[in-house]
>>> print(open('structure16.pdb').read())   # PDB, C-alpha atoms
ATOM      1  CA  MET X 221      33.416   8.097 -36.442
ATOM      2  CA  SER X 222      31.452  11.337 -36.449
ATOM      3  CA  ASP X 223      30.689  13.214 -33.252
ATOM      4  CA  ALA X 224      26.991  12.352 -33.619
ATOM      5  CA  ASN X 225      27.716   8.633 -34.020
ATOM      6  CA  PHE X 226      30.155   8.704 -31.110
ATOM      7  CA  LEU X 227      27.555  10.380 -28.895
ATOM      8  CA  GLN X 228      24.912   7.838 -29.934
ATOM      9  CA  THR X 229      27.298   4.995 -29.084
ATOM     10  CA  LEU X 230      27.971   6.488 -25.649
ATOM     11  CA  VAL X 231      24.233   6.762 -24.974
ATOM     12  CA  GLN X 232      23.690   3.136 -26.017
ATOM     13  CA  LEU X 233      26.546   1.954 -23.778
ATOM     14  CA  ASN X 234      25.201   3.986 -20.869
ATOM     15  CA  ASN X 235      21.724   2.501 -21.331
ATOM     16  CA  PHE X 236      23.186  -0.994 -21.553
ATOM     17  CA  HIS X 237      25.171  -0.599 -18.327
ATOM     18  CA  ALA X 238      22.187   0.966 -16.547
ATOM     19  CA  ALA X 239      20.017  -1.988 -17.543
ATOM     20  CA  ARG X 240      22.630  -4.483 -16.355
ATOM     21  CA  THR X 241      22.984  -2.620 -13.048
ATOM     22  CA  ASP X 242      19.218  -2.687 -12.507
ATOM     23  CA  GLN X 243      19.128  -6.411 -13.301
ATOM     24  CA  GLY X 244      21.823  -6.978 -10.685
ATOM     25  CA  ILE X 245      19.860  -4.994  -8.112
ATOM     26  CA  GLN X 246      16.721  -7.016  -8.842
ATOM     27  CA  MET X 247      18.606 -10.281  -8.401
ATOM     28  CA  GLN X 248      20.003  -9.127  -5.059
ATOM     29  CA  LEU X 249      16.578  -7.992  -3.853
ATOM     30  CA  HIS X 250      14.972 -11.332  -4.749
ATOM     31  CA  ARG X 251      17.821 -13.245  -3.100
ATOM     32  CA  PHE X 252      17.518 -11.173   0.077
ATOM     33  CA  TRP X 253      13.720 -11.613   0.056
ATOM     34  CA  ALA X 254      13.996 -15.385  -0.366
ATOM     35  CA  ASP X 255      16.586 -15.644   2.436
ATOM     36  CA  GLU X 256      14.356 -13.724   4.838
ATOM     37  CA  LEU X 257      11.259 -15.768   4.004
ATOM     38  CA  ALA X 258      13.233 -18.977   4.557
ATOM     39  CA  LYS X 259      13.801 -18.109   8.225
ATOM     40  CA  PRO X 260      11.873 -20.205  10.806
ATOM     41  CA  ARG X 261       9.780 -17.187  11.844
ATOM     42  CA  ASN X 262       8.117 -17.195   8.446
ATOM     43  CA  ALA X 263       7.391 -20.920   8.259
ATOM     44  CA  ASP X 264       3.823 -20.749   9.563
ATOM     45  CA  PRO X 265       1.406 -20.826   6.580
ATOM     46  CA  LYS X 266      -0.832 -18.325   8.347
ATOM     47  CA  ARG X 267       1.857 -15.623   8.160
ATOM     48  CA  LEU X 268       0.888 -13.330   5.313
ATOM     49  CA  LEU X 269       4.443 -12.294   4.502
ATOM     50  CA  ARG X 270       4.867 -15.615   2.670
ATOM     51  CA  TYR X 271       2.297 -14.638   0.027
ATOM     52  CA  GLY X 272       3.418 -11.157  -0.973
ATOM     53  CA  PHE X 273       4.071 -10.150  -4.547
ATOM     54  CA  LYS X 274       4.086  -6.969  -6.604
ATOM     55  CA  VAL X 275       2.068  -6.122  -9.686
ATOM     56  CA  TYR X 276       1.230  -2.438  -9.224
ATOM     57  CA  SER X 277       1.783  -1.908  -5.490
ATOM     58  CA  GLN X 278       4.914  -0.301  -4.096
ATOM     59  CA  CYS X 279       6.249  -3.593  -2.759
ATOM     60  CA  ASP X 280       4.512  -6.894  -1.903
ATOM     61  CA  GLU X 281       1.107  -5.477  -0.930
ATOM     62  CA  ASP X 282      -0.735  -6.857  -3.992
ATOM     63  CA  GLY X 283      -0.065 -10.450  -2.972
ATOM     64  CA  ILE X 284      -0.891  -9.909   0.692
ATOM     65  CA  ILE X 285      -4.196  -8.214  -0.147
ATOM     66  CA  GLN X 286      -5.070 -11.037  -2.503
ATOM     67  CA  LYS X 287      -4.378 -13.645   0.182
ATOM     68  CA  ILE X 288      -6.434 -11.802   2.803
ATOM     69  CA  PHE X 289      -9.522 -11.772   0.590
ATOM     70  CA  ARG X 290      -9.038 -15.392  -0.405
ATOM     71  CA  ARG X 291      -9.306 -16.191   3.294
ATOM     72  CA  ILE X 292     -12.181 -13.944   4.303
ATOM     73  CA  GLY X 293     -14.028 -13.524   1.011
ATOM     74  CA  THR X 294     -15.238 -10.322  -0.623
ATOM     75  CA  GLY X 295     -18.482  -8.389  -0.324
ATOM     76  CA  ASN X 296     -19.216  -5.604  -2.789
ATOM     77  CA  ARG X 297     -15.628  -5.300  -4.112
ATOM     78  CA  VAL X 298     -15.536  -1.566  -3.398
ATOM     79  CA  PHE X 299     -12.399   0.261  -2.246
ATOM     80  CA  VAL X 300     -11.396   3.686  -0.990
ATOM     81  CA  GLU X 301      -7.759   4.731  -1.121
ATOM     82  CA  PHE X 302      -6.168   8.076  -0.404
ATOM     83  CA  GLY X 303      -2.641   9.234  -0.974
ATOM     84  CA  VAL X 304      -2.580   7.445  -4.360
ATOM     85  CA  GLU X 305      -0.408  10.013  -6.188
ATOM     86  CA  THR X 306      -0.902   9.272  -9.923
ATOM     87  CA  GLY X 307      -2.506   5.894  -9.196
ATOM     88  CA  VAL X 308      -0.003   3.878 -11.208
ATOM     89  CA  GLU X 309       1.613   2.489  -8.045
ATOM     90  CA  CYS X 310      -0.842   2.038  -5.185
ATOM     91  CA  ASN X 311      -2.643  -0.666  -3.200
ATOM     92  CA  THR X 312      -5.915  -0.787  -5.143
ATOM     93  CA  VAL X 313      -4.981  -0.453  -8.809
ATOM     94  CA  GLU X 314      -4.698  -4.234  -9.276
ATOM     95  CA  LEU X 315      -8.157  -4.580  -7.733
ATOM     96  CA  LEU X 316      -9.451  -1.985 -10.199
ATOM     97  CA  VAL X 317      -7.973  -3.943 -13.100
ATOM     98  CA  GLU X 318      -9.600  -7.104 -11.700
ATOM     99  CA  GLY X 319     -13.068  -5.543 -11.826
ATOM    100  CA  TRP X 320     -13.440  -3.759  -8.491
ATOM    101  CA  SER X 321     -14.707  -0.187  -8.250
ATOM    102  CA  GLY X 322     -13.950   2.643  -5.887
ATOM    103  CA  LEU X 323     -12.717   6.062  -4.966
ATOM    104  CA  TRP X 324      -9.260   7.626  -5.014
ATOM    105  CA  LEU X 325      -8.363  10.817  -3.146
ATOM    106  CA  ASP X 326      -5.187  12.832  -3.505
ATOM    107  CA  GLY X 327      -4.160  16.340  -2.535
ATOM    108  CA  SER X 328      -2.282  17.166  -5.737
ATOM    109  CA  PRO X 329      -4.176  18.674  -8.695
ATOM    110  CA  ALA X 330      -1.438  17.409 -11.021
ATOM    111  CA  ASN X 331      -1.786  13.850  -9.700
ATOM    112  CA  VAL X 332      -5.555  13.843 -10.106
ATOM    113  CA  ALA X 333      -5.203  15.227 -13.641
ATOM    114  CA  GLN X 334      -2.889  12.304 -14.444
ATOM    115  CA  ILE X 335      -5.430   9.871 -12.992
ATOM    116  CA  GLN X 336      -8.204  11.349 -15.123
ATOM    117  CA  LYS X 337      -5.981  10.966 -18.183
ATOM    118  CA  HIS X 338      -4.402   7.553 -17.682
ATOM    119  CA  PHE X 339      -7.419   5.859 -16.076
ATOM    120  CA  GLU X 340      -9.976   7.465 -18.378
ATOM    121  CA  CYS X 341     -11.477   4.116 -19.385
ATOM    122  CA  PHE X 342     -12.215   3.234 -15.739
ATOM    123  CA  VAL X 343     -13.567   6.714 -14.998
ATOM    124  CA  ARG X 344     -15.768   6.631 -18.092
ATOM    125  CA  ASP X 345     -17.445   3.349 -17.185
ATOM    126  CA  GLY X 346     -18.101   4.540 -13.619
ATOM    127  CA  ARG X 347     -15.765   2.155 -11.823
ATOM    128  CA  LEU X 348     -13.352   4.833 -10.606
ATOM    129  CA  ARG X 349     -13.838   8.301  -9.215
ATOM    130  CA  ALA X 350     -10.927  10.561  -8.295
ATOM    131  CA  ILE X 351     -11.265  13.627  -6.083
ATOM    132  CA  GLN X 352      -8.575  16.232  -5.428
ATOM    133  CA  SER X 353      -8.427  17.549  -1.882
ATOM    134  CA  PHE X 354      -6.019  17.936   0.989
ATOM    135  CA  ILE X 355      -7.171  15.280   3.467
ATOM    136  CA  THR X 356      -7.803  16.015   7.118
ATOM    137  CA  ALA X 357      -9.592  14.339  10.001
ATOM    138  CA  GLU X 358     -12.260  17.025   9.674
ATOM    139  CA  ASN X 359     -13.072  16.530   5.985
ATOM    140  CA  ILE X 360     -12.423  12.841   5.319
ATOM    141  CA  ASN X 361     -16.004  11.666   5.875
ATOM    142  CA  SER X 362     -17.478  14.358   3.636
ATOM    143  CA  LEU X 363     -14.899  13.625   0.910
ATOM    144  CA  ILE X 364     -15.770   9.925   0.897
ATOM    145  CA  ALA X 365     -19.472  10.796   0.788
ATOM    146  CA  GLN X 366     -18.780  13.188  -2.087
ATOM    147  CA  GLY X 367     -17.259  10.237  -3.902
ATOM    148  CA  GLY X 368     -20.526   8.329  -3.550
ATOM    149  CA  VAL X 369     -19.227   5.689  -1.127
ATOM    150  CA  THR X 370     -20.881   4.878   2.198
ATOM    151  CA  GLY X 371     -21.483   1.876   4.464
ATOM    152  CA  ASP X 372     -19.843  -1.501   4.007
ATOM    153  CA  ILE X 373     -16.868  -1.676   1.652
ATOM    154  CA  ASP X 374     -14.144  -4.256   1.205
ATOM    155  CA  LEU X 375     -10.927  -2.231   1.419
ATOM    156  CA  LEU X 376      -9.723   1.076   2.833
ATOM    157  CA  SER X 377      -6.115   2.096   2.157
ATOM    158  CA  ILE X 378      -4.528   5.051   3.969
ATOM    159  CA  ASP X 379      -1.149   6.578   3.098
ATOM    160  CA  ILE X 380      -0.815  10.324   3.652
ATOM    161  CA  ASP X 381       2.623  10.260   5.323
ATOM    162  CA  ARG X 382       1.710  12.164   8.465
ATOM    163  CA  ASN X 383      -1.794  12.140   9.978
ATOM    164  CA  ASP X 384      -2.784   8.591   8.974
ATOM    165  CA  TYR X 385      -3.648   7.540  12.539
ATOM    166  CA  TRP X 386      -5.876  10.552  13.202
ATOM    167  CA  VAL X 387      -7.683  10.277   9.886
ATOM    168  CA  TRP X 388      -8.408   6.567  10.367
ATOM    169  CA  GLN X 389      -9.692   7.325  13.850
ATOM    170  CA  ALA X 390     -12.065   9.915  12.367
ATOM    171  CA  ILE X 391     -13.555   7.745   9.609
ATOM    172  CA  GLU X 392     -17.151   6.742  10.312
ATOM    173  CA  ILE X 393     -18.885   6.866   6.942
ATOM    174  CA  VAL X 394     -17.509   3.537   5.700
ATOM    175  CA  LYS X 395     -16.979   0.195   7.392
ATOM    176  CA  PRO X 396     -14.280  -1.731   5.505
ATOM    177  CA  ARG X 397     -13.524  -5.428   5.881
ATOM    178  CA  VAL X 398      -9.810  -4.690   5.471
ATOM    179  CA  VAL X 399      -7.706  -1.631   6.269
ATOM    180  CA  VAL X 400      -4.208  -1.072   4.900
ATOM    181  CA  ILE X 401      -2.424   1.767   6.659
ATOM    182  CA  GLU X 402       1.099   3.130   6.711
ATOM    183  CA  TYR X 403       3.007   2.779   9.982
ATOM    184  CA  ASN X 404       6.290   4.261  11.175
ATOM    185  CA  ALA X 405       8.608   1.261  11.411
ATOM    186  CA  THR X 406      11.348   3.269  13.095
ATOM    187  CA  LEU X 407       9.114   3.313  16.203
ATOM    188  CA  ARG X 408       9.539  -0.334  17.165
ATOM    189  CA  PRO X 409       7.285  -2.320  19.517
ATOM    190  CA  PRO X 410       6.421  -1.951  22.311
ATOM    191  CA  MET X 411       6.561   1.799  21.681
ATOM    192  CA  SER X 412       3.057   3.230  21.276
ATOM    193  CA  ALA X 413       3.419   6.704  19.809
ATOM    194  CA  VAL X 414       1.875   8.971  17.198
ATOM    195  CA  VAL X 415       2.754  12.455  15.997
ATOM    196  CA  PRO X 416       0.385  15.106  17.368
ATOM    197  CA  TYR X 417      -2.422  16.095  15.035
ATOM    198  CA  GLU X 418      -1.729  19.233  13.030
ATOM    199  CA  ARG X 419      -4.422  19.664  10.430
ATOM    200  CA  MET X 420      -2.353  21.125   7.582
ATOM    201  CA  GLN X 421       1.019  19.567   8.400
ATOM    202  CA  THR X 422       2.715  17.334   5.815
ATOM    203  CA  TRP X 423       5.670  14.952   5.881
ATOM    204  CA  ASN X 424       9.047  16.717   5.965
ATOM    205  CA  GLY X 425      11.067  13.750   4.666
ATOM    206  CA  SER X 426      12.323  12.698   8.098
ATOM    207  CA  ASN X 427      11.351   9.785  10.350
ATOM    208  CA  TYR X 428       9.029  12.091  12.285
ATOM    209  CA  PHE X 429       5.698  11.005  10.860
ATOM    210  CA  GLY X 430       2.681   8.814  11.430
ATOM    211  CA  ALA X 431       2.178   6.260  14.151
ATOM    212  CA  SER X 432       3.963   3.231  15.505
ATOM    213  CA  LEU X 433       2.503  -0.178  14.784
ATOM    214  CA  GLU X 434       1.600  -0.590  18.464
ATOM    215  CA  ALA X 435      -0.352   2.681  18.422
ATOM    216  CA  LEU X 436      -2.414   1.439  15.481
ATOM    217  CA  VAL X 437      -3.039  -1.880  17.212
ATOM    218  CA  ARG X 438      -4.384   0.012  20.221
ATOM    219  CA  LEU X 439      -7.102   1.620  18.089
ATOM    220  CA  ARG X 440      -9.264  -1.299  19.178
ATOM    221  CA  LYS X 441     -12.424   0.776  19.298
ATOM    222  CA  LYS X 442     -12.370   0.586  15.514
ATOM    223  CA  GLY X 443     -12.890  -3.180  15.808
ATOM    224  CA  TYR X 444      -9.921  -4.361  13.760
ATOM    225  CA  ARG X 445      -7.261  -7.001  14.266
ATOM    226  CA  LEU X 446      -3.671  -6.742  13.022
ATOM    227  CA  VAL X 447      -2.959  -9.636  10.647
ATOM    228  CA  GLY X 448       0.371  -8.705   9.057
ATOM    229  CA  CYS X 449       2.764  -6.124   7.634
ATOM    230  CA  SER X 450       4.437  -5.594   4.287
ATOM    231  CA  PHE X 451       8.001  -6.808   3.845
ATOM    232  CA  ASN X 452       9.412  -3.298   3.503
ATOM    233  CA  GLY X 453       7.982  -2.234   6.863
ATOM    234  CA  ALA X 454       5.683   0.411   5.400
ATOM    235  CA  ASN X 455       2.116  -0.931   5.525
ATOM    236  CA  ALA X 456       0.100  -2.755   8.175
ATOM    237  CA  PHE X 457      -2.933  -4.895   7.372
ATOM    238  CA  PHE X 458      -5.987  -5.011   9.624
ATOM    239  CA  VAL X 459      -9.109  -7.176   9.254
ATOM    240  CA  HIS X 460     -12.401  -6.442  10.966
ATOM    241  CA  ASP X 461     -13.139  -8.768  13.875
ATOM    242  CA  ALA X 462     -16.322  -9.972  12.141
ATOM    243  CA  PHE X 463     -14.264 -11.550   9.350
ATOM    244  CA  ALA X 464     -10.884 -12.380  10.890
ATOM    245  CA  GLU X 465     -11.984 -15.582  12.698
ATOM    246  CA  ASP X 466      -8.998 -17.976  12.877
ATOM    247  CA  HIS X 467      -7.653 -17.215   9.393
ATOM    248  CA  PHE X 468      -4.551 -15.367  10.559
ATOM    249  CA  LEU X 469      -1.497 -15.826  12.732
ATOM    250  CA  ASP X 470      -1.929 -15.315  16.472
ATOM    251  CA  PRO X 471      -1.316 -13.340  18.549
ATOM    252  CA  PRO X 472      -2.491 -10.206  16.684
ATOM    253  CA  THR X 473       0.156  -8.054  18.341
ATOM    254  CA  ALA X 474       2.668  -5.536  17.082
ATOM    255  CA  GLU X 475       5.497  -7.717  18.431
ATOM    256  CA  GLU X 476       4.311 -10.713  16.383
ATOM    257  CA  HIS X 477       3.683  -8.969  13.070
ATOM    258  CA  TYR X 478       6.156  -6.069  13.071
ATOM    259  CA  GLU X 479       8.492  -5.789  10.088
ATOM    260  CA  PRO X 480      11.502  -3.413  10.297
ATOM    261  CA  PRO X 481      12.120  -0.569   7.844
ATOM    262  CA  ARG X 482      13.414  -2.085   4.618
ATOM    263  CA  TYR X 483      12.537   0.914   2.493
ATOM    264  CA  PHE X 484      15.157  -0.018  -0.107
ATOM    265  CA  PHE X 485      12.775  -2.812  -1.102
ATOM    266  CA  SER X 486      10.724  -0.239  -3.029
ATOM    267  CA  LEU X 487      13.358  -0.746  -5.760
ATOM    268  CA  LEU X 488      11.717  -4.115  -6.454
ATOM    269  CA  SER X 489      10.426  -4.341 -10.001
ATOM    270  CA  ALA X 490       7.448  -6.334 -11.243
ATOM    271  CA  GLY X 491       8.896  -6.505 -14.741
ATOM    272  CA  HIS X 492       8.277  -3.861 -17.374
ATOM    273  CA  ARG X 493       7.099  -0.340 -16.528
ATOM    274  CA  ALA X 494       3.610  -0.398 -15.026
ATOM    275  CA  GLN X 495       0.720   0.751 -17.210
ATOM    276  CA  PRO X 496      -2.635  -0.349 -15.766
ATOM    277  CA  GLY X 497      -5.403  -0.894 -18.302
ATOM    278  CA  VAL X 498      -8.472  -2.911 -19.170
ATOM    279  CA  PHE X 499      -7.857  -6.584 -19.941
ATOM    280  CA  VAL X 500     -10.147  -8.995 -21.768
ATOM    281  CA  GLU X 501     -10.902 -12.209 -19.886
ATOM    282  CA  VAL X 502     -10.699 -15.314 -22.083
TER     283      VAL X 502
END
>>> encode(input="structure16.pdb", output="structure tokens")
Amino acid sequence: MSDANFLQTLVQLNNFHAARTDQGIQMQLHRFWADELAKPRNADPKRLLRYGFKVYSQCDEDGIIQKIFRRIGTGNRVFVEFGVETGVECNTVELLVEGWSGLWLDGSPANVAQIQKHFECFVRDGRLRAIQSFITAENINSLIAQGGVTGDIDLLSIDIDRNDYWVWQAIEIVKPRVVVIEYNATLRPPMSAVVPYERMQTWNGSNYFGASLEALVRLRKKGYRLVGCSFNGANAFFVHDAFAEDHFLDPPTAEEHYEPPRYFFSLLSAGHRAQPGVFVEV
């Protein structure tokens, strides 16, 4: 066997073993997920955790968002999300594919360039606008206005890894039915804590970031009720009081809805590599 053929065989074997390893990881993740959902705590049909699934989101957020809107209905099907990176894996890309429209914000020029390239069909038909800017509590309202979005919208998603609490507190230009926001699951209830606001500070890769779930719950002046958290303990879901009614599990407390940090769950796959695009309804 020539050196070239031997090298090609080694590459093929390596790819085969890598694929088998990933398949094993996926099986373990699904088994762990099923075991957790089978626990008595998750038996109530009003608990959103039961309905999670992944299409384009990081973990199970796609399914939870879908279930929330099936319960409360939609309005104009407009979203705003910031901290989307390249947009391929975020909380609103499935909504975009399903016909929603909205605005994405991200601080990285490279990420926004990728969005303009890979989501060109959505940008061209006016359903998606992407703006590059570092996001602060001082500029968030003007950035959303620059994106042409004001007033009532259906979904706001916040994930900037540091000042999420302070930016949500500052938002006045839009009034979403649903807010998805990152929380710091290492700060367990009843701890109510948030990192101090530093305008240009970013996440340093440690567990010193963001706000505890209890701190977000206490932002009651915003008029939102906690209705659930993602399985991996990364995102919290809030519904405006005007729409929540009795659709969700009581009490709307951090203690009731808190999920611990299961960040390894981001390894969950939805199948083949994600590539959002326009589908034809038949």
>>> atom_distance(input="structure16.pdb", atom1="CA of Thr406 (chain X)", atom2="CA of Asn455 (chain X)")
12.7 Å
>>> resolve_selection(input="structure16.pdb", expression="the PyMOL selection byres ((chain X and resi 432) around 8)", output="ChimeraX atom specification")
/X:403-409,411-414,430-431,433-436
>>> write_last_selection(input="structure16.pdb", atoms="C-alpha atoms", output="PDB file, keeping the file's coordinate frame")
ATOM      1  CA  TYR X 403       3.007   2.779   9.982  1.00  0.00           C
ATOM      2  CA  ASN X 404       6.290   4.261  11.175  1.00  0.00           C
ATOM      3  CA  ALA X 405       8.608   1.261  11.411  1.00  0.00           C
ATOM      4  CA  THR X 406      11.348   3.269  13.095  1.00  0.00           C
ATOM      5  CA  LEU X 407       9.114   3.313  16.203  1.00  0.00           C
ATOM      6  CA  ARG X 408       9.539  -0.334  17.165  1.00  0.00           C
ATOM      7  CA  PRO X 409       7.285  -2.320  19.517  1.00  0.00           C
ATOM      8  CA  MET X 411       6.561   1.799  21.681  1.00  0.00           C
ATOM      9  CA  SER X 412       3.057   3.230  21.276  1.00  0.00           C
ATOM     10  CA  ALA X 413       3.419   6.704  19.809  1.00  0.00           C
ATOM     11  CA  VAL X 414       1.875   8.971  17.198  1.00  0.00           C
ATOM     12  CA  GLY X 430       2.681   8.814  11.430  1.00  0.00           C
ATOM     13  CA  ALA X 431       2.178   6.260  14.151  1.00  0.00           C
ATOM     14  CA  LEU X 433       2.503  -0.178  14.784  1.00  0.00           C
ATOM     15  CA  GLU X 434       1.600  -0.590  18.464  1.00  0.00           C
ATOM     16  CA  ALA X 435      -0.352   2.681  18.422  1.00  0.00           C
ATOM     17  CA  LEU X 436      -2.414   1.439  15.481  1.00  0.00           C
TER      18      LEU X 436
END
>>> residues_around(input="structure16.pdb", residues="Lys266 (chain X)", least_positions_apart="4", cutoff="9 Å", atoms="all atoms listed in the file", output="short mmCIF file (atom, residue, chain, number, x, y, z; two decimals) with C-alpha atoms, in the frame of the given file")
data_model
loop_
_atom_site.label_atom_id
_atom_site.label_comp_id
_atom_site.auth_asym_id
_atom_site.auth_seq_id
_atom_site.Cartn_x
_atom_site.Cartn_y
_atom_site.Cartn_z
CA ARG X 270 4.87 -15.62 2.67
CA HIS X 467 -7.65 -17.22 9.39
CA PHE X 468 -4.55 -15.37 10.56
CA LEU X 469 -1.50 -15.83 12.73
CA ASP X 470 -1.93 -15.32 16.47
#
>>> resolve_selection(input="structure16.pdb", expression="the PyMOL selection byres ((chain X and resi 356) around 9)", output="list of chain:residue names")
X:Phe354, X:Ile355, X:Ala357, X:Glu358, X:Asn359, X:Ile360, X:Asn383, X:Trp386, X:Val387, X:Arg419, X:Met420
>>> resolve_selection(input="structure16.pdb", expression="the PyMOL selection byres ((chain X and resi 330-332) around 9)", output="ChimeraX atom specification")
/X:304-307,324-329,333-337,350-352
>>> atom_distance(input="structure16.pdb", atom1="CA of Thr473 (chain X)", atom2="CA of Ala254 (chain X)")
24.4 Å
>>> closest_residue(input="structure16.pdb", among="X:Arg382, X:Val394, X:Leu249, X:Lys441", to="Ser426 (chain X)", atoms="only C-alpha atoms")
X:Arg382
>>> residues_around(input="structure16.pdb", residues="region 284-292 of chain X", least_positions_apart="5", cutoff="9 Å", atoms="only C-alpha atoms", output="list in words")
Leu268, Leu269, Arg270, Tyr271, Gly272, Phe273, Asn311, Leu315, Asp374, Arg397, Val398, Val400, Val447, Gly448, Cys449, Ser450, Phe457, Val459, Phe463, Ala464, Glu465, His467 and Phe468 of chain X
>>> atom_distance(input="structure16.pdb", atom1="CA of Asn296 (chain X)", atom2="CA of Ser321 (chain X)")
8.9 Å
>>> closest_residue(input="structure16.pdb", among="X:Pro496, X:Leu487, X:Pro471, X:Arg482", to="Arg267 (chain X)", atoms="only C-alpha atoms")
X:Pro471
>>> build_atoms(input="structure16.pdb", residues="region 414-420 of chain X", atoms="all heavy atoms", output="compact mmCIF listing (two decimals), in the frame of the given file")
# COMPACT_ATOMS: atom_id res chain seq x y z
N VAL X 414 2.40 8.38 18.43
CA VAL X 414 1.88 8.97 17.20
C VAL X 414 2.21 10.46 17.21
O VAL X 414 2.24 11.09 18.28
CB VAL X 414 0.34 8.74 17.10
CG1 VAL X 414 -0.38 9.32 18.30
CG2 VAL X 414 -0.22 9.32 15.80
N VAL X 415 2.49 11.02 16.05
CA VAL X 415 2.75 12.46 16.00
C VAL X 415 1.48 13.20 16.36
O VAL X 415 0.38 12.75 16.05
CB VAL X 415 3.25 12.91 14.61
CG1 VAL X 415 4.59 12.30 14.27
CG2 VAL X 415 2.23 12.59 13.52
N PRO X 416 1.59 14.34 17.03
CA PRO X 416 0.38 15.11 17.37
C PRO X 416 -0.32 15.58 16.11
O PRO X 416 0.32 15.83 15.08
CB PRO X 416 0.92 16.27 18.20
CG PRO X 416 2.37 16.35 17.89
CD PRO X 416 2.81 14.98 17.54
N TYR X 417 -1.63 15.69 16.21
CA TYR X 417 -2.42 16.10 15.04
C TYR X 417 -2.26 17.58 14.75
O TYR X 417 -2.52 18.43 15.59
CB TYR X 417 -3.90 15.78 15.26
CG TYR X 417 -4.76 16.13 14.06
CD1 TYR X 417 -4.58 15.47 12.84
CD2 TYR X 417 -5.74 17.13 14.14
CE1 TYR X 417 -5.36 15.79 11.74
CE2 TYR X 417 -6.52 17.45 13.05
CZ TYR X 417 -6.32 16.77 11.84
OH TYR X 417 -7.09 17.09 10.74
N GLU X 418 -1.78 17.87 13.54
CA GLU X 418 -1.73 19.23 13.03
C GLU X 418 -2.39 19.19 11.65
O GLU X 418 -1.86 18.60 10.72
CB GLU X 418 -0.29 19.73 12.94
CG GLU X 418 0.41 19.85 14.28
CD GLU X 418 1.84 20.36 14.14
OE1 GLU X 418 2.00 21.48 13.62
OE2 GLU X 418 2.76 19.64 14.54
N ARG X 419 -3.52 19.82 11.57
CA ARG X 419 -4.42 19.66 10.43
C ARG X 419 -3.75 19.82 9.07
O ARG X 419 -3.98 19.02 8.16
CB ARG X 419 -5.57 20.66 10.58
CG ARG X 419 -6.64 20.59 9.49
CD ARG X 419 -7.82 21.48 9.83
NE ARG X 419 -8.79 21.50 8.77
CZ ARG X 419 -8.77 22.37 7.75
NH1 ARG X 419 -7.81 23.29 7.71
NH2 ARG X 419 -9.69 22.33 6.81
N MET X 420 -2.92 20.83 8.89
CA MET X 420 -2.35 21.12 7.58
C MET X 420 -0.89 20.70 7.46
O MET X 420 -0.23 21.02 6.48
CB MET X 420 -2.48 22.62 7.28
CG MET X 420 -3.91 23.13 7.26
SD MET X 420 -4.98 22.21 6.11
CE MET X 420 -4.25 22.65 4.54
